[in-house]
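Engineer: First the structure, then my questions, so here it is.
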Amino acid sequence: MLMAASLVLLMTPGLAFFYGGMSRSKSVLNMMMMSFGAMAVIAVVYVLWGWSMSYGTQDIGGIFANPFEFFGLKDSITDAEGNFIAGAAGYPNVIDIAFQVTFAIITTALISGALAERVKFGTWMVFSAIWVTVVYFPLAHMVWGGGLLSGSEDSLAAKIFGTVDDGEGGLVAAVEPIDFAGGTVVHINAGIAAFVLVLIIGKRAGFGKTAFRPHNLPFVMLGAALLWFGWFGFNAGSAFAADGAAGLAWVNTTAATAAAILGWLLTERIRDGHATSLGAASGAVAGLVAITPAAGSLSPIGSLVLGVIAGVLSALAVGLKFRFGYDDSLDVVGVHLVSGLWGTVAIGLLGTETGLFYGGDYKQLVVQVVIAVVALVFTAILTAVIALALKPLGWRVSREDEARGIDEAEHAETAYDLA
């Protein structure tokens, strides 16, 4: 589990390379700093109140837990006798804390790709702390901490289809939502937050007229490789044991990702006449996103189907920003929101135990749609409130600084000495 946590932590520097390479040369450092800044802010906040809000025992309305119950990780690591407290999976609780903080970090960092080349670094740091507190921690509690979007007896799923005996004297939802490693909590969450922010903050100067080309495609491919590598900690680690479930998640992750690359490249080839390196890297991420909630529920064949469709859907979706005029700079909406939605809902179709295509009925599909929609609405509303509240602080750099380059304006540095 510590290795899995380390792999997930590596994903955020990998994301920095992925996003940095997709930016222009005068903005690459700022783009990478947004990921590293998120790592710093979220790690501190998680220790203080993030774990308590996400996994505390004092539930508040099924939405979040008391942030002061385990504030600063008090009573979360050792008991009064100095013994390490056991976590839900049997290993020490502190190891689960290490694993979960990395999810909060990468989710927040994902949003930054939609805001490339125009946002003040200080405002981004403040936003990161507020957003993870108001949006991410409650959603993690709702899905994984026994809240409204979990399978608990008080959840939405239980209200829709009733409850059954859990075999231990308690009750659980008759049809439990499935989110193995973060389709709702991570990808739908980050994707819809990015969409709301770009609508409020606005476009880059020259959007639709200037070619915003990736300045370093090897960086993009390196970042995609690090993300793929780290994602094994993300998905296989979410089995919480070195067992067959982890092995299935590993194989399904590989299958879906490879199929998504092929789906994206085929779409490019038919549409544009070329299969690109950027497409291969983006297709890999689309497949990884789609399989995240489904990694423990699909067969390898189902994962191939899931992945190829994700690659096609996201390849088509990234072009919507030009049709509808929203500046999702590095395709967070087209990849994470679209493939995250597809992966979450597709469990109701392709899940080997409850999926419609495997002899199940419609109930799992309904539950998956419900948790996806609730996550969309919850995050969209709260992100809009936060973004508007921070407007007096100032979201945008000046037009002059944007034209000169946000690296020099915000960090007094340049990535390349071109003299």
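Following the order of the structure tokens, first chain is A, next is B, and so on, with residues numbered from 1 inside each chain and ligands from 1 in the order they appear.
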Determine, for each residue of region 255-292 of chain A having at least one atom at most 12 Å from an atom of region 198-221 of chain A, the closest pair of atoms and their separation in Å to one decimal, counting only C-alpha atoms; order by chain and ascending number, as a Markdown table.
Structural biologist:
```
| residue | atom | partner | partner_atom | distance |
| --- | --- | --- | --- | --- |
| A:Thr276 | CA | A:Leu217 | CA | 10.0 |
| A:Ser277 | CA | A:Leu217 | CA | 7.2 |
| A:Leu278 | CA | A:Leu217 | CA | 6.8 |
| A:Gly279 | CA | A:Met221 | CA | 9.8 |
| A:Ala280 | CA | A:Met221 | CA | 8.2 |
| A:Ala281 | CA | A:Met221 | CA | 5.6 |
| A:Ser282 | CA | A:Val220 | CA | 8.8 |
| A:Gly283 | CA | A:Met221 | CA | 11.0 |
| A:Ala284 | CA | A:Met221 | CA | 9.8 |
| A:Val285 | CA | A:Met221 | CA | 10.6 |
```
Engineer: Write to file, as a short mmCIF file (atom, residue, chain, number, x, y, z; two decimals), in the first residue's frame, the residues of the selection just made, with N, CA and C atoms.
Structural biologist:
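Result written to again39.cif:
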```
data_model
loop_
_atom_site.label_atom_id
_atom_site.label_comp_id
_atom_site.auth_asym_id
_atom_site.auth_seq_id
_atom_site.Cartn_x
_atom_site.Cartn_y
_atom_site.Cartn_z
N THR A 276 -1.29 11.07 -34.26
CA THR A 276 -0.27 11.92 -33.66
C THR A 276 0.22 11.40 -32.32
N SER A 277 1.40 11.87 -31.93
CA SER A 277 1.94 11.52 -30.61
C SER A 277 1.08 12.13 -29.51
N LEU A 278 0.58 13.35 -29.73
CA LEU A 278 -0.32 13.97 -28.75
C LEU A 278 -1.58 13.13 -28.60
N GLY A 279 -2.07 12.59 -29.71
CA GLY A 279 -3.24 11.73 -29.65
C GLY A 279 -2.98 10.45 -28.88
N ALA A 280 -1.81 9.86 -29.08
CA ALA A 280 -1.47 8.64 -28.35
C ALA A 280 -1.40 8.90 -26.85
N ALA A 281 -0.77 10.01 -26.46
CA ALA A 281 -0.66 10.35 -25.05
C ALA A 281 -2.03 10.65 -24.46
N SER A 282 -2.84 11.43 -25.18
CA SER A 282 -4.17 11.79 -24.69
C SER A 282 -5.08 10.57 -24.64
N GLY A 283 -4.95 9.68 -25.63
CA GLY A 283 -5.74 8.45 -25.62
C GLY A 283 -5.41 7.58 -24.43
N ALA A 284 -4.15 7.51 -24.08
CA ALA A 284 -3.76 6.73 -22.90
C ALA A 284 -4.44 7.27 -21.65
N VAL A 285 -4.44 8.59 -21.49
CA VAL A 285 -5.07 9.19 -20.32
C VAL A 285 -6.58 8.94 -20.34
#
```
Engineer: Please list as a ChimeraX atom specification every residue within 12 Å of Leu266 (chain A), counting only C-alpha atoms and excluding residues in the same chain fewer than 5 positions away.
Structural biologist: /A:259-261,271-276,279-280,283,308-309,311-313,315-316
Engineer: What lies within 10 Å of region 400-415 of chain A using only C-alpha atoms, ignoring chain neighbours under 2 positions off, as an MDAnalysis selection string?
Structural biologist: chainID A and resid 24:31 33 116:122 204:206 396:398 417:418
Engineer: Which residues in region 20-63 of chain A does DSSP call alpha helix (DSSP H)? List them as a list in words.
Structural biologist: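 Listing alpha helix (DSSP H) positions across region 20-63 of chain A yields Gly20, Gly21, Met22, Val28, Leu29, Asn30, Met31, Met32, Met33, Met34, Ser35, Phe36, Gly37, Ala38, Met39, Ala40, Val41, Ile42, Ala43, Val44, Val45, Trp51, Ser52, Met53, Ser54 and Tyr55 of chain A.
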Engineer: Suppose we keep C-alpha atoms; can you now write the selection as a tab-separated table (two decimals), in the first residue's frame?
Structural biologist:
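Listed below is the output, result.tsv:
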```tsv
chain	number	residue	atom	x	y	z
A	20	GLY	CA	3.82	21.48	-19.22
A	21	GLY	CA	4.62	19.93	-22.58
A	22	MET	CA	1.18	20.85	-23.92
A	28	VAL	CA	5.57	25.79	-19.18
A	29	LEU	CA	7.01	26.59	-15.73
A	30	ASN	CA	3.75	28.10	-14.50
A	31	MET	CA	1.84	25.07	-15.72
A	32	MET	CA	4.19	22.73	-13.88
A	33	MET	CA	4.14	24.92	-10.78
A	34	MET	CA	0.37	24.64	-10.57
A	35	SER	CA	0.77	20.89	-10.07
A	36	PHE	CA	3.62	21.24	-7.58
A	37	GLY	CA	1.74	24.02	-5.77
A	38	ALA	CA	-1.28	21.75	-5.43
A	39	MET	CA	0.95	19.04	-3.94
A	40	ALA	CA	2.15	21.44	-1.27
A	41	VAL	CA	-1.21	22.96	-0.36
A	42	ILE	CA	-3.27	19.78	-0.36
A	43	ALA	CA	-0.76	17.74	1.68
A	44	VAL	CA	-0.87	20.36	4.46
A	45	VAL	CA	-4.65	20.75	4.38
A	51	TRP	CA	-8.72	13.12	6.55
A	52	SER	CA	-11.23	14.02	9.26
A	53	MET	CA	-13.71	15.51	6.76
A	54	SER	CA	-13.39	12.55	4.39
A	55	TYR	CA	-13.27	9.56	6.73
```
Engineer: Please provide as a ChimeraX atom specification all residues within 12 Å of Ala88 (chain A), with the sequence filter that same-chain residues fewer than 6 positions apart are discarded (counting only C-alpha atoms).
Structural biologist: /A:55,94-97,144-145,240-241
Engineer: Using only C-alpha atoms, can you tell me which of A:Ala16, A:Ile347, A:Ile192, A:Val143 comes closest to Leu222 (chain A)?
Structural biologist: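 Using only C-alpha atoms, Leu222 (chain A) sits closest to A:Ala16.
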Engineer: Considering only C-alpha atoms, state which residue in the set A:Ala256, A:Ala114, A:Ile178, A:Leu350 is at the smallest distance from Val318 (chain A).
Structural biologist: A:Ala114
Engineer: Between CA of Pro67 (chain A) and CA of Trp49 (chain A), measure the distance and give it in Å to one decimal.
Structural biologist: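 Rounded to one decimal, the two atoms are 5.1 Å apart.
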Engineer: Tell me, in Å to one decimal, how far CA of Leu341 (chain A) is from CA of Ser303 (chain A).
Structural biologist: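 According to the coordinates, CA of Leu341 (chain A) and CA of Ser303 (chain A) are separated by 15.1 Å.
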Engineer: Do a neighbour search on region 104-111 of chain A at 8 Å with only C-alpha atoms, toss out local chain neighbours closer than 4 positions, and write the hits as a VMD selection string.
Structural biologist: chain A and resid 8 to 9 11 to 12 15 34 to 35 38 to 39 42 to 43 100 115 128 131 to 132 136 to 137 186 to 187 189 to 191 193 to 194 332
Engineer: Please extract the residues of region 26-241 of chain A with a backbone DSSP assignment of strand (DSSP E) and present them as a short mmCIF file (atom, residue, chain, number, x, y, z; two decimals) with N, CA and C atoms, in the first residue's frame.
Structural biologist:
```
data_model
loop_
_atom_site.label_atom_id
_atom_site.label_comp_id
_atom_site.auth_asym_id
_atom_site.auth_seq_id
_atom_site.Cartn_x
_atom_site.Cartn_y
_atom_site.Cartn_z
N ASP A 59 -20.53 11.78 11.05
CA ASP A 59 -21.15 12.15 9.77
C ASP A 59 -22.10 13.33 9.94
N ILE A 60 -22.05 14.25 8.97
CA ILE A 60 -22.94 15.41 8.99
C ILE A 60 -23.78 15.40 7.71
N PHE A 64 -20.45 15.32 4.65
CA PHE A 64 -19.05 15.35 5.10
C PHE A 64 -19.00 14.96 6.56
N ALA A 65 -17.79 14.72 7.03
CA ALA A 65 -17.60 14.38 8.44
C ALA A 65 -17.01 15.57 9.18
N THR A 163 -32.89 -1.72 0.98
CA THR A 163 -31.70 -2.25 1.66
C THR A 163 -31.80 -3.77 1.81
N VAL A 164 -30.64 -4.36 2.10
CA VAL A 164 -30.56 -5.79 2.39
C VAL A 164 -29.64 -5.97 3.60
N ASP A 165 -29.70 -7.13 4.20
CA ASP A 165 -28.83 -7.46 5.33
C ASP A 165 -27.40 -7.64 4.83
N LEU A 171 -27.40 -3.11 7.68
CA LEU A 171 -28.07 -2.99 6.40
C LEU A 171 -27.21 -2.21 5.41
N VAL A 172 -27.30 -2.59 4.16
CA VAL A 172 -26.63 -1.85 3.07
C VAL A 172 -27.62 -1.72 1.92
N ALA A 173 -27.29 -0.87 0.98
CA ALA A 173 -28.16 -0.69 -0.18
C ALA A 173 -28.24 -1.99 -0.97
#
```
Engineer: One decimal, Å: what's the distance from CA of Gly348 (chain A) over to CA of Ala290 (chain A), could you say?
Structural biologist: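 Computed distance, CA of Gly348 (chain A) to CA of Ala290 (chain A), equals 13.3 Å.
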Engineer: Identify, on the basis of only C-alpha atoms, every residue whose closest approach to region 367-381 of chain A does not exceed 7 Å; exclude the query and any residue fewer than 3 positions from it along the same chain; express the result as a PDB file with N, CA, C and O atoms, in the first residue's frame.
Structural biologist:
```
ATOM      1  N   VAL A 135     -15.290  20.919  -1.768  1.00  0.00           N
ATOM      2  CA  VAL A 135     -15.800  20.011  -2.806  1.00  0.00           C
ATOM      3  C   VAL A 135     -15.219  18.604  -2.681  1.00  0.00           C
ATOM      4  O   VAL A 135     -15.958  17.626  -2.561  1.00  0.00           O
ATOM      5  N   LEU A 149     -23.572   8.943  -1.390  1.00  0.00           N
ATOM      6  CA  LEU A 149     -23.331   8.245  -2.648  1.00  0.00           C
ATOM      7  C   LEU A 149     -22.644   6.902  -2.437  1.00  0.00           C
ATOM      8  O   LEU A 149     -22.139   6.309  -3.389  1.00  0.00           O
ATOM      9  N   ALA A 157     -28.748   5.379  -2.975  1.00  0.00           N
ATOM     10  CA  ALA A 157     -29.006   4.067  -3.580  1.00  0.00           C
ATOM     11  C   ALA A 157     -29.973   3.247  -2.732  1.00  0.00           C
ATOM     12  O   ALA A 157     -30.851   2.555  -3.264  1.00  0.00           O
ATOM     13  N   PRO A 177     -23.615   1.523  -5.281  1.00  0.00           N
ATOM     14  CA  PRO A 177     -22.850   2.224  -6.314  1.00  0.00           C
ATOM     15  C   PRO A 177     -21.443   1.650  -6.392  1.00  0.00           C
ATOM     16  O   PRO A 177     -20.879   1.205  -5.392  1.00  0.00           O
ATOM     17  N   THR A 184     -16.171   9.181  -9.940  1.00  0.00           N
ATOM     18  CA  THR A 184     -16.912  10.355  -9.483  1.00  0.00           C
ATOM     19  C   THR A 184     -16.016  11.292  -8.677  1.00  0.00           C
ATOM     20  O   THR A 184     -15.949  12.493  -8.941  1.00  0.00           O
ATOM     21  N   ILE A 188     -14.871  12.897 -12.755  1.00  0.00           N
ATOM     22  CA  ILE A 188     -16.050  13.742 -12.978  1.00  0.00           C
ATOM     23  C   ILE A 188     -15.907  15.017 -12.157  1.00  0.00           C
ATOM     24  O   ILE A 188     -16.216  16.121 -12.626  1.00  0.00           O
ATOM     25  N   ASN A 189     -15.428  14.876 -10.958  1.00  0.00           N
ATOM     26  CA  ASN A 189     -15.221  16.003 -10.048  1.00  0.00           C
ATOM     27  C   ASN A 189     -14.292  17.051 -10.664  1.00  0.00           C
ATOM     28  O   ASN A 189     -14.644  18.227 -10.799  1.00  0.00           O
ATOM     29  N   ILE A 192     -15.781  18.545 -14.281  1.00  0.00           N
ATOM     30  CA  ILE A 192     -16.847  19.544 -14.248  1.00  0.00           C
ATOM     31  C   ILE A 192     -16.365  20.819 -13.552  1.00  0.00           C
ATOM     32  O   ILE A 192     -16.784  21.933 -13.909  1.00  0.00           O
ATOM     33  N   ALA A 193     -15.472  20.697 -12.568  1.00  0.00           N
ATOM     34  CA  ALA A 193     -14.897  21.889 -11.941  1.00  0.00           C
ATOM     35  C   ALA A 193     -14.118  22.700 -12.966  1.00  0.00           C
ATOM     36  O   ALA A 193     -14.211  23.938 -13.008  1.00  0.00           O
ATOM     37  N   VAL A 196     -16.593  24.592 -15.287  1.00  0.00           N
ATOM     38  CA  VAL A 196     -17.180  25.769 -14.639  1.00  0.00           C
ATOM     39  C   VAL A 196     -16.164  26.901 -14.570  1.00  0.00           C
ATOM     40  O   VAL A 196     -16.490  28.072 -14.851  1.00  0.00           O
ATOM     41  N   LEU A 341     -17.278  10.172 -17.036  1.00  0.00           N
ATOM     42  CA  LEU A 341     -18.705   9.868 -17.099  1.00  0.00           C
ATOM     43  C   LEU A 341     -18.950   8.514 -17.766  1.00  0.00           C
ATOM     44  O   LEU A 341     -19.735   7.696 -17.287  1.00  0.00           O
ATOM     45  N   THR A 344     -17.913   5.591 -15.452  1.00  0.00           N
ATOM     46  CA  THR A 344     -18.822   5.421 -14.310  1.00  0.00           C
ATOM     47  C   THR A 344     -20.137   4.788 -14.730  1.00  0.00           C
ATOM     48  O   THR A 344     -20.629   3.851 -14.099  1.00  0.00           O
ATOM     49  N   VAL A 345     -20.710   5.294 -15.809  1.00  0.00           N
ATOM     50  CA  VAL A 345     -22.000   4.782 -16.272  1.00  0.00           C
ATOM     51  C   VAL A 345     -21.861   3.394 -16.891  1.00  0.00           C
ATOM     52  O   VAL A 345     -22.739   2.529 -16.731  1.00  0.00           O
ATOM     53  N   GLY A 348     -22.687  -0.065 -15.305  1.00  0.00           N
ATOM     54  CA  GLY A 348     -24.043  -0.592 -15.349  1.00  0.00           C
ATOM     55  C   GLY A 348     -24.332  -1.423 -16.587  1.00  0.00           C
ATOM     56  O   GLY A 348     -25.321  -2.166 -16.630  1.00  0.00           O
ATOM     57  N   LYS A 363     -30.939  -1.953 -12.739  1.00  0.00           N
ATOM     58  CA  LYS A 363     -30.772  -1.233 -11.479  1.00  0.00           C
ATOM     59  C   LYS A 363     -29.369  -0.669 -11.285  1.00  0.00           C
ATOM     60  O   LYS A 363     -29.200   0.473 -10.830  1.00  0.00           O
ATOM     61  N   GLN A 364     -28.338  -1.448 -11.618  1.00  0.00           N
ATOM     62  CA  GLN A 364     -26.978  -0.936 -11.457  1.00  0.00           C
ATOM     63  C   GLN A 364     -26.738   0.266 -12.366  1.00  0.00           C
ATOM     64  O   GLN A 364     -26.094   1.245 -11.968  1.00  0.00           O
ATOM     65  N   ALA A 384     -18.609  26.962  -8.806  1.00  0.00           N
ATOM     66  CA  ALA A 384     -19.028  28.282  -9.274  1.00  0.00           C
ATOM     67  C   ALA A 384     -19.032  29.291  -8.129  1.00  0.00           C
ATOM     68  O   ALA A 384     -18.575  30.434  -8.287  1.00  0.00           O
ATOM     69  N   VAL A 385     -19.526  28.877  -6.980  1.00  0.00           N
ATOM     70  CA  VAL A 385     -19.551  29.769  -5.812  1.00  0.00           C
ATOM     71  C   VAL A 385     -18.138  30.171  -5.415  1.00  0.00           C
ATOM     72  O   VAL A 385     -17.852  31.355  -5.158  1.00  0.00           O
TER      73      VAL A 385
END
```
Engineer: What lies within 10 Å of region 297-299 of chain A using only C-alpha atoms, ignoring chain neighbours under 5 positions off, as a list in words?
Structural biologist: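 Surrounding residues, per the criterion: Ile178, Asp179, Phe180, Ala245, Leu248, Ala249, Val251, Asn252, Ala255, Ile291, Leu304, Val305, Leu306, Ala346, Ile347, Gly348, Leu349, Leu350, Gly351, Thr352, Glu353, Thr354 and Gly355 of chain A.
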Engineer: For each of A:Gly307, A:Gly287, A:Gly343, A:Gly56, take the minimum atom-to-atom distance to Gly183 (chain A), counting only C-alpha atoms, then give the residue where this is smallest.
Structural biologist: A:Gly343
Engineer: May I ask which of the residues A:Thr57, A:Ser238, A:Thr78, A:Asn93 is the closest one to Met3 (chain A), counting only C-alpha atoms?
Structural biologist: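 Smallest separation from Met3 (chain A) among the options: A:Ser238.
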Engineer: Which residue gives the smallest distance to Trp228 (chain A) among A:Ala317, A:Val333, A:Ala98, A:Leu7, with only C-alpha atoms counted?
Structural biologist: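 Among the listed residues, the smallest separation from Trp228 (chain A) belongs to A:Leu7.
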